[in-house]
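Undergrad: Below is the file structure_19.pdb, which contains PDB, C-alpha atoms.
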ATOM      1  CA  MET A  21     107.708  -5.361 -18.816
ATOM      2  CA  THR A  22     109.678  -6.255 -15.697
ATOM      3  CA  THR A  23     111.785  -9.383 -15.770
ATOM      4  CA  PRO A  24     112.723 -11.372 -12.661
ATOM      5  CA  THR A  25     116.390 -10.599 -13.278
ATOM      6  CA  ASP A  26     115.743  -6.855 -13.146
ATOM      7  CA  ASN A  27     116.691  -5.013  -9.987
ATOM      8  CA  LEU A  28     113.667  -5.573  -7.778
ATOM      9  CA  ASP A  29     114.819  -3.075  -5.175
ATOM     10  CA  GLY A  30     116.480  -5.573  -2.884
ATOM     11  CA  PRO A  31     115.325  -8.941  -1.596
ATOM     12  CA  ALA A  32     113.250  -7.627   1.276
ATOM     13  CA  ARG A  33     110.954  -5.355  -0.750
ATOM     14  CA  PRO A  34     107.517  -6.765  -1.587
ATOM     15  CA  LEU A  35     106.540  -7.079  -5.243
ATOM     16  CA  THR A  36     104.123  -4.534  -6.693
ATOM     17  CA  CYS A  37     100.947  -5.490  -8.580
ATOM     18  CA  ARG A  38     102.729  -4.476 -11.794
ATOM     19  CA  GLN A  39     105.557  -6.922 -11.137
ATOM     20  CA  VAL A  40     103.148  -9.695 -10.120
ATOM     21  CA  LEU A  41     101.103  -9.308 -13.302
ATOM     22  CA  ASP A  42     104.304  -9.264 -15.386
ATOM     23  CA  PHE A  43     105.446 -12.492 -13.728
ATOM     24  CA  VAL A  44     102.195 -14.491 -13.925
ATOM     25  CA  MET A  45     103.315 -16.719 -16.785
ATOM     26  CA  LEU A  46     106.754 -17.356 -15.301
ATOM     27  CA  TYR A  47     105.095 -18.159 -11.958
ATOM     28  CA  LEU A  48     102.752 -20.705 -13.564
ATOM     29  CA  ASP A  49     105.672 -22.207 -15.486
ATOM     30  CA  ARG A  50     107.745 -22.339 -12.271
ATOM     31  CA  GLU A  51     110.463 -20.272 -13.910
ATOM     32  CA  LEU A  52     110.758 -17.588 -11.231
ATOM     33  CA  PRO A  53     113.869 -17.588  -9.032
ATOM     34  CA  PRO A  54     112.993 -19.038  -5.577
ATOM     35  CA  ASP A  55     113.171 -15.677  -3.818
ATOM     36  CA  THR A  56     110.897 -13.979  -6.373
ATOM     37  CA  HIS A  57     108.525 -16.969  -6.293
ATOM     38  CA  GLU A  58     108.210 -16.553  -2.536
ATOM     39  CA  ARG A  59     107.614 -12.807  -2.811
ATOM     40  CA  PHE A  60     105.040 -13.432  -5.562
ATOM     41  CA  GLU A  61     103.073 -15.730  -3.245
ATOM     42  CA  HIS A  62     103.445 -13.304  -0.366
ATOM     43  CA  HIS A  63     101.872 -10.587  -2.531
ATOM     44  CA  LEU A  64      98.979 -12.919  -3.446
ATOM     45  CA  GLY A  65      98.330 -13.470   0.256
ATOM     46  CA  GLU A  66      97.677  -9.754   0.634
ATOM     47  CA  CYS A  67      96.119  -8.718  -2.693
ATOM     48  CA  PRO A  68      92.718 -10.180  -3.706
ATOM     49  CA  SER A  69      92.833  -8.260  -6.977
ATOM     50  CA  CYS A  70      96.026 -10.041  -8.077
ATOM     51  CA  VAL A  71      94.533 -13.388  -6.957
ATOM     52  CA  ASN A  72      91.546 -12.668  -9.199
ATOM     53  CA  TYR A  73      93.926 -11.736 -12.002
ATOM     54  CA  LEU A  74      95.922 -14.953 -11.660
ATOM     55  CA  ARG A  75      92.757 -17.088 -11.606
ATOM     56  CA  SER A  76      91.228 -15.322 -14.593
ATOM     57  CA  TYR A  77      94.523 -15.678 -16.502
ATOM     58  CA  MET A  78      94.402 -19.436 -15.876
ATOM     59  CA  GLN A  79      90.727 -19.538 -16.892
ATOM     60  CA  THR A  80      91.631 -17.703 -20.088
ATOM     61  CA  ILE A  81      94.128 -20.413 -21.060
ATOM     62  CA  ARG A  82      91.563 -23.097 -20.284
ATOM     63  CA  LEU A  83      88.921 -21.300 -22.366
ATOM     64  CA  GLU A  84      91.313 -20.992 -25.324
ATOM     65  CA  ARG A  85      91.816 -24.724 -25.352
ATOM     66  CA  LEU A  86      88.139 -25.519 -24.892
ATOM     67  CA  ALA A  87      87.289 -23.219 -27.785
ATOM     68  CA  PHE A  88      89.163 -25.435 -30.248
ATOM     69  CA  GLU A  89      88.887 -28.820 -28.602
ATOM     70  CA  HIS A  90      85.976 -29.933 -30.729
ATOM     71  CA  ASP A  91      88.010 -29.381 -33.894
ATOM     72  CA  GLU A  92      89.353 -32.828 -33.191
ATOM     73  CA  ASP A  93      85.932 -34.465 -33.427
ATOM     74  CA  PRO A  94      85.669 -36.932 -36.303
ATOM     75  CA  ALA A  95      83.093 -34.707 -38.021
ATOM     76  CA  HIS A  96      85.787 -32.079 -38.531
ATOM     77  CA  GLY A  97      88.222 -34.585 -39.960
ATOM     78  CA  VAL A  98      86.509 -35.088 -43.286
ATOM     79  CA  MET A  99      88.375 -33.815 -46.317
ATOM     80  CA  PRO A 100      86.114 -32.059 -48.833
ATOM     81  CA  ALA A 101      86.088 -33.993 -52.104
ATOM     82  CA  ASP A 102      87.187 -30.982 -54.162
ATOM     83  CA  LEU A 103      90.278 -30.485 -51.995
ATOM     84  CA  LEU A 104      91.078 -34.179 -52.124
ATOM     85  CA  ASN A 105      90.851 -34.129 -55.909
ATOM     86  CA  ALA A 106      92.898 -30.934 -56.179
ATOM     87  CA  ILE A 107      95.730 -32.483 -54.169
ATOM     88  CA  CYS A 108      95.675 -35.659 -56.247
ATOM     89  CA  ARG A 109      95.712 -33.627 -59.483
ATOM     90  CA  ALA A 110      98.558 -31.428 -58.233
ATOM     91  CA  ARG A 111     100.591 -34.466 -57.252
ATOM     92  CA  ALA A 112      99.984 -36.126 -60.611
ATOM     93  CA  ALA A 113     101.147 -32.950 -62.372
ATOM     94  CA  ARG A 114     104.449 -32.750 -60.505
ATOM     95  CA  PRO A 115     107.353 -32.938 -62.935
ATOM     96  CA  ASP A 116     109.558 -34.786 -60.404
ATOM     97  CA  ARG A 117     107.267 -37.792 -59.990
TER      98      ARG A 117
ATOM     99  CA  MET B  26     100.938 -24.331 -17.611
ATOM    100  CA  SER B  27     102.286 -22.849 -20.803
ATOM    101  CA  GLY B  28     104.280 -25.871 -21.948
ATOM    102  CA  PRO B  29     103.212 -27.718 -25.044
ATOM    103  CA  ALA B  30      99.497 -27.418 -24.707
ATOM    104  CA  ARG B  31      97.928 -30.419 -26.267
ATOM    105  CA  ALA B  32      98.646 -33.901 -27.349
ATOM    106  CA  ASP B  33      95.729 -33.909 -29.716
ATOM    107  CA  ILE B  34      97.475 -34.994 -32.873
ATOM    108  CA  ARG B  35      96.310 -38.552 -32.952
ATOM    109  CA  PRO B  36      99.148 -40.642 -34.346
ATOM    110  CA  VAL B  37      98.869 -42.923 -37.286
ATOM    111  CA  PRO B  38      99.206 -46.306 -35.517
ATOM    112  CA  GLU B  39     102.825 -47.293 -35.435
ATOM    113  CA  VAL B  40     102.522 -50.440 -37.537
ATOM    114  CA  ASP B  41     100.471 -48.580 -40.115
ATOM    115  CA  GLN B  42     102.997 -45.748 -40.153
ATOM    116  CA  THR B  43     105.883 -48.095 -40.914
ATOM    117  CA  ASP B  44     103.912 -49.799 -43.633
ATOM    118  CA  LEU B  45     102.571 -46.535 -45.030
ATOM    119  CA  LEU B  46     106.004 -44.916 -45.028
ATOM    120  CA  GLY B  47     107.494 -47.795 -46.945
ATOM    121  CA  ARG B  48     104.813 -47.567 -49.581
ATOM    122  CA  LEU B  49     105.123 -43.768 -49.765
ATOM    123  CA  ARG B  50     108.857 -44.020 -50.294
ATOM    124  CA  ALA B  51     108.256 -46.598 -52.992
ATOM    125  CA  GLY B  52     106.060 -44.027 -54.731
ATOM    126  CA  GLU B  53     102.886 -46.118 -54.493
ATOM    127  CA  ASP B  54      99.941 -43.970 -55.620
ATOM    128  CA  ALA B  55      97.488 -45.660 -53.274
ATOM    129  CA  ALA B  56      99.747 -44.803 -50.331
ATOM    130  CA  PHE B  57      99.645 -41.081 -51.183
ATOM    131  CA  ASP B  58      95.849 -41.240 -51.437
ATOM    132  CA  GLU B  59      95.758 -42.998 -48.076
ATOM    133  CA  LEU B  60      97.974 -40.329 -46.519
ATOM    134  CA  VAL B  61      95.713 -37.545 -47.760
ATOM    135  CA  GLN B  62      92.600 -39.385 -46.584
ATOM    136  CA  THR B  63      94.060 -40.228 -43.170
ATOM    137  CA  CYS B  64      95.809 -36.994 -42.273
ATOM    138  CA  GLY B  65      94.129 -34.358 -44.443
ATOM    139  CA  GLY B  66      91.201 -33.650 -42.136
ATOM    140  CA  ARG B  67      93.427 -32.789 -39.219
ATOM    141  CA  MET B  68      95.661 -30.638 -41.384
ATOM    142  CA  LEU B  69      92.598 -28.794 -42.641
ATOM    143  CA  ALA B  70      91.470 -28.193 -39.051
ATOM    144  CA  VAL B  71      94.884 -26.635 -38.283
ATOM    145  CA  ALA B  72      94.695 -24.406 -41.360
ATOM    146  CA  ARG B  73      91.159 -23.286 -40.533
ATOM    147  CA  ARG B  74      92.246 -22.350 -37.014
ATOM    148  CA  MET B  75      95.193 -20.348 -38.244
ATOM    149  CA  LEU B  76      93.798 -18.782 -41.407
ATOM    150  CA  GLY B  77      90.048 -18.607 -40.881
ATOM    151  CA  ARG B  78      89.127 -18.314 -44.553
ATOM    152  CA  GLU B  79      88.121 -21.599 -46.144
ATOM    153  CA  GLU B  80      89.794 -20.918 -49.484
ATOM    154  CA  ASP B  81      93.103 -19.997 -47.846
ATOM    155  CA  SER B  82      92.868 -23.092 -45.655
ATOM    156  CA  HIS B  83      92.411 -25.367 -48.673
ATOM    157  CA  ASP B  84      95.363 -23.740 -50.428
ATOM    158  CA  ALA B  85      97.574 -24.137 -47.348
ATOM    159  CA  VAL B  86      96.707 -27.836 -46.998
ATOM    160  CA  GLN B  87      97.426 -28.413 -50.666
ATOM    161  CA  ASP B  88     100.769 -26.608 -50.303
ATOM    162  CA  ALA B  89     101.526 -28.695 -47.235
ATOM    163  CA  PHE B  90     100.860 -32.008 -48.983
ATOM    164  CA  LEU B  91     102.909 -31.027 -52.009
ATOM    165  CA  SER B  92     105.742 -29.957 -49.738
ATOM    166  CA  ALA B  93     105.451 -33.236 -47.821
ATOM    167  CA  PHE B  94     105.486 -35.291 -51.028
ATOM    168  CA  ARG B  95     108.617 -33.461 -52.155
ATOM    169  CA  SER B  96     110.447 -33.974 -48.880
ATOM    170  CA  MET B  97     109.227 -37.462 -48.014
ATOM    171  CA  GLY B  98     112.789 -38.700 -48.436
ATOM    172  CA  ASP B  99     113.936 -36.367 -45.633
ATOM    173  CA  PHE B 100     111.448 -37.754 -43.106
ATOM    174  CA  ASP B 101     113.457 -40.109 -40.939
ATOM    175  CA  GLY B 102     110.471 -41.811 -39.294
ATOM    176  CA  ARG B 103     111.539 -40.982 -35.755
ATOM    177  CA  ALA B 104     108.665 -38.523 -35.299
ATOM    178  CA  GLN B 105     105.061 -39.453 -35.886
ATOM    179  CA  LEU B 106     103.982 -38.838 -39.457
ATOM    180  CA  ASN B 107     101.074 -36.717 -38.194
ATOM    181  CA  THR B 108     103.400 -34.542 -36.126
ATOM    182  CA  TRP B 109     105.670 -33.981 -39.125
ATOM    183  CA  LEU B 110     102.692 -33.093 -41.331
ATOM    184  CA  HIS B 111     101.336 -30.803 -38.608
ATOM    185  CA  ARG B 112     104.576 -28.789 -38.587
ATOM    186  CA  ILE B 113     104.587 -28.555 -42.380
ATOM    187  CA  THR B 114     100.975 -27.341 -42.323
ATOM    188  CA  VAL B 115     101.786 -24.717 -39.684
ATOM    189  CA  ASN B 116     104.668 -23.441 -41.827
ATOM    190  CA  CYS B 117     102.493 -23.272 -44.943
ATOM    191  CA  CYS B 118      99.868 -21.318 -42.975
ATOM    192  CA  LEU B 119     102.518 -18.908 -41.701
ATOM    193  CA  MET B 120     103.731 -18.318 -45.258
ATOM    194  CA  ARG B 121     100.171 -17.472 -46.327
ATOM    195  CA  LEU B 122      99.726 -15.136 -43.366
ATOM    196  CA  ARG B 123     102.936 -13.290 -44.272
ATOM    197  CA  THR B 124     101.630 -12.493 -47.733
ATOM    198  CA  ARG B 125      98.092 -11.696 -46.638
ATOM    199  CA  ARG B 126      97.031  -8.079 -46.410
ATOM    200  CA  ARG B 127      96.865  -7.027 -42.756
ATOM    201  CA  ARG B 128      93.544  -5.753 -41.470
ATOM    202  CA  PRO B 129      93.487  -2.624 -39.319
ATOM    203  CA  GLU B 130      94.015  -3.622 -35.713
ATOM    204  CA  ARG B 131      94.265  -2.060 -32.271
ATOM    205  CA  SER B 132      97.501  -1.792 -30.334
ATOM    206  CA  ILE B 133      98.192  -4.550 -27.801
ATOM    207  CA  GLU B 134      98.713  -1.784 -25.227
ATOM    208  CA  ASP B 135      94.971  -1.112 -25.332
ATOM    209  CA  PHE B 136      94.365  -4.519 -23.763
ATOM    210  CA  LEU B 137      97.102  -4.636 -21.139
ATOM    211  CA  PRO B 138      96.615  -3.838 -17.448
ATOM    212  CA  VAL B 139      97.092  -0.233 -16.371
ATOM    213  CA  PHE B 140      98.941   0.738 -13.181
ATOM    214  CA  LEU B 141      99.267   3.703 -10.891
ATOM    215  CA  GLU B 142     102.687   5.244 -10.349
ATOM    216  CA  ASP B 143     103.188   3.178  -7.197
ATOM    217  CA  GLY B 144     102.680  -0.057  -9.153
ATOM    218  CA  HIS B 145      99.133  -0.862  -7.942
ATOM    219  CA  GLN B 146      96.487  -1.817 -10.481
ATOM    220  CA  ARG B 147      94.499   1.241 -11.498
ATOM    221  CA  THR B 148      91.292  -0.812 -11.423
ATOM    222  CA  SER B 149      90.862  -3.904  -9.250
ATOM    223  CA  THR B 150      90.435  -7.156 -11.136
ATOM    224  CA  PRO B 151      86.994  -8.630 -10.466
ATOM    225  CA  ARG B 152      86.417 -12.266  -9.618
ATOM    226  CA  TRP B 153      85.284 -14.319 -12.602
ATOM    227  CA  THR B 154      82.129 -16.345 -12.465
ATOM    228  CA  PRO B 155      82.449 -20.157 -12.340
ATOM    229  CA  GLU B 156      80.419 -20.226 -15.583
ATOM    230  CA  ALA B 157      83.656 -19.169 -17.290
ATOM    231  CA  SER B 158      84.667 -22.810 -17.037
ATOM    232  CA  ALA B 159      81.599 -24.130 -18.865
ATOM    233  CA  ASP B 160      82.111 -25.864 -22.178
ATOM    234  CA  THR B 161      79.225 -24.564 -24.284
ATOM    235  CA  ARG B 162      78.983 -23.667 -27.949
ATOM    236  CA  GLU B 163      78.147 -20.073 -27.016
ATOM    237  CA  ILE B 164      81.301 -19.710 -24.934
ATOM    238  CA  ARG B 165      83.487 -21.412 -27.548
ATOM    239  CA  THR B 166      82.171 -19.030 -30.215
ATOM    240  CA  LEU B 167      82.801 -16.009 -27.995
ATOM    241  CA  VAL B 168      86.363 -17.064 -27.174
ATOM    242  CA  ARG B 169      87.207 -17.684 -30.850
ATOM    243  CA  ALA B 170      85.826 -14.264 -31.764
ATOM    244  CA  LYS B 171      87.909 -12.591 -29.067
ATOM    245  CA  ILE B 172      91.066 -14.424 -30.172
ATOM    246  CA  ASP B 173      90.405 -13.054 -33.668
ATOM    247  CA  GLU B 174      90.402  -9.532 -32.220
ATOM    248  CA  LEU B 175      94.006  -9.860 -31.029
ATOM    249  CA  PRO B 176      96.668  -8.080 -33.091
ATOM    250  CA  GLU B 177      97.859 -10.653 -35.636
ATOM    251  CA  GLN B 178     101.426 -11.093 -34.379
ATOM    252  CA  TYR B 179     100.078 -11.835 -30.888
ATOM    253  CA  ARG B 180      97.259 -14.077 -32.118
ATOM    254  CA  ILE B 181      99.728 -16.225 -34.032
ATOM    255  CA  VAL B 182     102.001 -16.805 -31.042
ATOM    256  CA  LEU B 183      99.007 -17.666 -28.871
ATOM    257  CA  MET B 184      97.682 -20.093 -31.485
ATOM    258  CA  LEU B 185     101.044 -21.810 -32.005
ATOM    259  CA  ARG B 186     101.816 -22.171 -28.294
ATOM    260  CA  ASP B 187      98.443 -22.708 -26.629
ATOM    261  CA  ILE B 188      96.385 -24.333 -29.366
ATOM    262  CA  GLU B 189      98.781 -26.046 -31.779
ATOM    263  CA  GLY B 190     101.027 -27.163 -28.924
ATOM    264  CA  LEU B 191     104.368 -26.004 -30.326
ATOM    265  CA  SER B 192     107.112 -25.475 -27.746
ATOM    266  CA  THR B 193     108.590 -22.041 -27.136
ATOM    267  CA  GLU B 194     111.680 -23.096 -29.082
ATOM    268  CA  GLU B 195     109.667 -24.434 -32.044
ATOM    269  CA  THR B 196     107.591 -21.248 -32.116
ATOM    270  CA  ALA B 197     110.749 -19.138 -32.073
ATOM    271  CA  VAL B 198     112.131 -21.042 -35.070
ATOM    272  CA  CYS B 199     108.846 -20.831 -37.021
ATOM    273  CA  LEU B 200     108.566 -17.087 -36.465
ATOM    274  CA  ASP B 201     112.292 -16.273 -36.597
ATOM    275  CA  MET B 202     112.159 -14.749 -33.120
ATOM    276  CA  ASN B 203     114.225 -15.278 -30.009
ATOM    277  CA  ILE B 204     112.842 -17.320 -27.126
ATOM    278  CA  SER B 205     112.521 -14.395 -24.774
ATOM    279  CA  ALA B 206     110.457 -12.455 -27.347
ATOM    280  CA  VAL B 207     108.142 -15.453 -27.826
ATOM    281  CA  LYS B 208     107.547 -15.660 -24.078
ATOM    282  CA  THR B 209     106.837 -11.948 -23.783
ATOM    283  CA  ARG B 210     104.499 -12.013 -26.749
ATOM    284  CA  LEU B 211     102.621 -15.062 -25.464
ATOM    285  CA  HIS B 212     102.144 -13.494 -22.039
ATOM    286  CA  ARG B 213     100.857 -10.263 -23.555
ATOM    287  CA  ALA B 214      98.541 -12.160 -25.901
ATOM    288  CA  ARG B 215      97.031 -14.047 -22.962
ATOM    289  CA  GLN B 216      96.723 -10.837 -20.948
ATOM    290  CA  ALA B 217      94.984  -9.131 -23.855
ATOM    291  CA  LEU B 218      92.613 -12.054 -24.355
ATOM    292  CA  ARG B 219      91.865 -12.053 -20.625
ATOM    293  CA  THR B 220      90.945  -8.363 -20.879
ATOM    294  CA  LEU B 221      88.725  -9.020 -23.890
ATOM    295  CA  LEU B 222      86.915 -11.852 -22.105
ATOM    296  CA  GLU B 223      86.467 -10.065 -18.807
ATOM    297  CA  PRO B 224      83.242  -8.196 -19.633
ATOM    298  CA  ALA B 225      81.538 -11.539 -20.298
ATOM    299  CA  PHE B 226      82.986 -13.487 -17.400
ATOM    300  CA  ALA B 227      83.355 -10.993 -14.562
ATOM    301  CA  ALA B 228      80.873 -11.785 -11.802
ATOM    302  CA  THR B 229      78.396  -9.285 -13.296
ATOM    303  CA  GLY B 230      78.992 -10.237 -16.945
ATOM    304  CA  GLN B 231      77.024 -12.000 -19.646
ATOM    305  CA  PHE B 232      77.713 -15.485 -18.311
ATOM    306  CA  SER B 233      77.190 -14.791 -14.615
ATOM    307  CA  GLU B 234      74.313 -16.359 -12.720
ATOM    308  CA  PRO B 235      71.254 -14.088 -12.555
ATOM    309  CA  HIS B 236      70.735 -12.660  -9.094
ATOM    310  CA  PRO B 237      67.459 -13.662  -7.431
TER     311      PRO B 237
END
Show me, as structure tokens, the structure contained in the file I just sent.
TA:
Amino acid sequence: MTTPTDNLDGPARPLTCRQVLDFVMLYLDRELPPDTHERFEHHLGECPSCVNYLRSYMQTIRLERLAFEHDEDPAHGVMPADLLNAICRARAARPDR
Amino acid sequence: MSGPARADIRPVPEVDQTDLLGRLRAGEDAAFDELVQTCGGRMLAVARRMLGREEDSHDAVQDAFLSAFRSMGDFDGRAQLNTWLHRITVNCCLMRLRTRRRRPERSIEDFLPVFLEDGHQRTSTPRWTPEASADTREIRTLVRAKIDELPEQYRIVLMLRDIEGLSTEETAVCLDMNISAVKTRLHRARQALRTLLEPAFAATGQFSEPHP
């Protein structure tokens, strides 16, 4: 995996698709050095495939979060009675109480 | 984008927390029952996400409560009680995962993009359909199943960072990794998940609009 501190063949050279895909997360987190950030966006302006990759990467993160969002619904927050009882029993049995 | 993902750990209201903490520290039985009743459901949800199996999840939550009861004196009250319990639960889940027999899994390399010698993508990435943004039960089920297909060490980093909302630094401490390794692993996990989801969400996939 390329890192933005690797030798990128001089400041004037455009980034390759490989470098762009390696840098996607750092780009979204705004952690790329300014020069690399600019070259990243320049590449996007010329490469629809990398634009699609970036968008689908962002959609992937959104889908991950949606997939578990409903875990926070009140219906999921109910403790089963057997677990509740097991915890109470285990606490009562602790020697350091 | 990849900072702490969610602020979904609803806090015990501040006044209640102060009151509850005082009673917990005084060893009041009713306060411990209240803590389990109030926070247990969310801890169980965390354990189910991380461990999958119901029995393991119950065991991890029980471990977490017992650990919390033991170390209640160390909790300084600056963090929210729920946040503290969340971290304990995550650690108990990680301990269970370390001792669990690993299932056979594919290499992460199988899911990463492939390039030509000149650095171009070997296959162009297709546009994804807008339906990939829909919040339906079918899509949620698919995404969970695909996350489960990730190699375990990648799935865990993705879960801790993107779903449980731990920072890169917190994840590094939990997993005894350096920060740079956490970032690399998270990026690869997301790339792999993207690859696994693509057949369903590419413009010609399962969730694309039918053509007239």
Undergrad: Could you give me, as a tab-separated table, a per-residue list for chain B showing, wherever an atom lies at most 8 Å from an atom of chain A, the closest pair of atoms and their distance in Å to one decimal, using all atoms listed in the file and sorting by chain then residue number from low to high?
TA:
residue	atom	partner	partner_atom	distance
B:Met26	CA	A:Asp49	CA	5.6
B:Ser27	CA	A:Asp49	CA	6.3
B:Gly28	CA	A:Asp49	CA	7.6
B:Asp33	CA	A:Glu92	CA	7.3
B:Asp58	CA	A:Cys108	CA	7.4
B:Val61	CA	A:Leu104	CA	7.2
B:Gln62	CA	A:Met99	CA	7.0
B:Gly65	CA	A:Met99	CA	6.1
B:Gly66	CA	A:Gly97	CA	3.8
B:Arg67	CA	A:Gly97	CA	5.6
B:Leu69	CA	A:Met99	CA	7.5
B:Ala70	CA	A:Asp91	CA	6.3
B:His83	CA	A:Leu103	CA	6.5
B:Gln87	CA	A:Ile107	CA	5.6
B:Phe90	CA	A:Ile107	CA	7.3
B:Leu91	CA	A:Arg111	CA	6.7
B:Phe94	CA	A:Arg111	CA	8.0
B:Phe140	CA	A:Arg38	CA	6.6
B:Asp143	CA	A:Thr36	CA	7.8
B:Gly144	CA	A:Arg38	CA	5.1
B:His145	CA	A:Cys37	CA	5.0
B:Gln146	CA	A:Cys37	CA	6.1
B:Ser149	CA	A:Ser69	CA	5.3
B:Thr150	CA	A:Ser69	CA	4.9
B:Pro151	CA	A:Asn72	CA	6.2
B:Arg152	CA	A:Asn72	CA	5.2
B:Trp153	CA	A:Ser76	CA	6.3
B:Ala157	CA	A:Gln79	CA	7.1
B:Ser158	CA	A:Gln79	CA	6.9
B:Asp160	CA	A:Leu86	CA	6.6
B:Ile164	CA	A:Ala87	CA	7.5
B:Arg165	CA	A:Ala87	CA	4.2
B:Thr166	CA	A:Ala87	CA	7.0
B:Val168	CA	A:Ala87	CA	6.3
B:Arg169	CA	A:Ala87	CA	6.3
B:Asp187	CA	A:Arg85	CA	7.0
B:Ile188	CA	A:Arg85	CA	6.1
B:His212	CA	A:Met45	CA	6.3
B:Arg215	CA	A:Tyr77	CA	7.1
B:Gln216	CA	A:Tyr77	CA	6.9
B:Leu218	CA	A:Thr80	CA	7.1
B:Arg219	CA	A:Thr80	CA	5.7
B:Leu222	CA	A:Thr80	CA	7.8
Undergrad: For a test of reading the model, state the distance in Å between atom CA of Val115 of chain B and atom CA of Glu174 of chain B, rounded to one decimal.
TA: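 Computed distance, atom CA of Val115 of chain B to atom CA of Glu174 of chain B, equals 20.4 Å.
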Undergrad: Got a sec: who's within 10 Å of Arg59 of chain A, counting only C-alpha atoms, leaving out chain neighbours fewer than 2 positions off, as a PDB file with C-alpha atoms, keeping the file's coordinate frame?
TA:
ATOM      1  CA  PRO A  31     115.325  -8.941  -1.596  1.00  0.00           C
ATOM      2  CA  ALA A  32     113.250  -7.627   1.276  1.00  0.00           C
ATOM      3  CA  ARG A  33     110.954  -5.355  -0.750  1.00  0.00           C
ATOM      4  CA  PRO A  34     107.517  -6.765  -1.587  1.00  0.00           C
ATOM      5  CA  LEU A  35     106.540  -7.079  -5.243  1.00  0.00           C
ATOM      6  CA  THR A  36     104.123  -4.534  -6.693  1.00  0.00           C
ATOM      7  CA  VAL A  40     103.148  -9.695 -10.120  1.00  0.00           C
ATOM      8  CA  PRO A  54     112.993 -19.038  -5.577  1.00  0.00           C
ATOM      9  CA  ASP A  55     113.171 -15.677  -3.818  1.00  0.00           C
ATOM     10  CA  THR A  56     110.897 -13.979  -6.373  1.00  0.00           C
ATOM     11  CA  HIS A  57     108.525 -16.969  -6.293  1.00  0.00           C
ATOM     12  CA  GLU A  61     103.073 -15.730  -3.245  1.00  0.00           C
ATOM     13  CA  HIS A  62     103.445 -13.304  -0.366  1.00  0.00           C
ATOM     14  CA  HIS A  63     101.872 -10.587  -2.531  1.00  0.00           C
ATOM     15  CA  LEU A  64      98.979 -12.919  -3.446  1.00  0.00           C
ATOM     16  CA  GLY A  65      98.330 -13.470   0.256  1.00  0.00           C
TER      17      GLY A  65
END
Undergrad: One decimal, Å: what's the distance from atom CA of Glu194 of chain B over to atom CA of Ile181 of chain B, could you say?
TA: 14.6 Å
Undergrad: State, in Å with one decimal place, the distance from atom CA of Phe100 of chain B to atom CA of Leu45 of chain B.
TA: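 Here the two named atoms are 12.6 Å from each other.
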Undergrad: Determine, counting all atoms listed in the file, which protein, DNA and RNA residues have an atom within 10 Å of an atom of Leu185 of chain B; residues of the same chain fewer than 2 positions away are not included. Present the result as a ChimeraX atom specification.
TA: /B:29-30,75,115,180-183,187-193,195-196,199-200,211
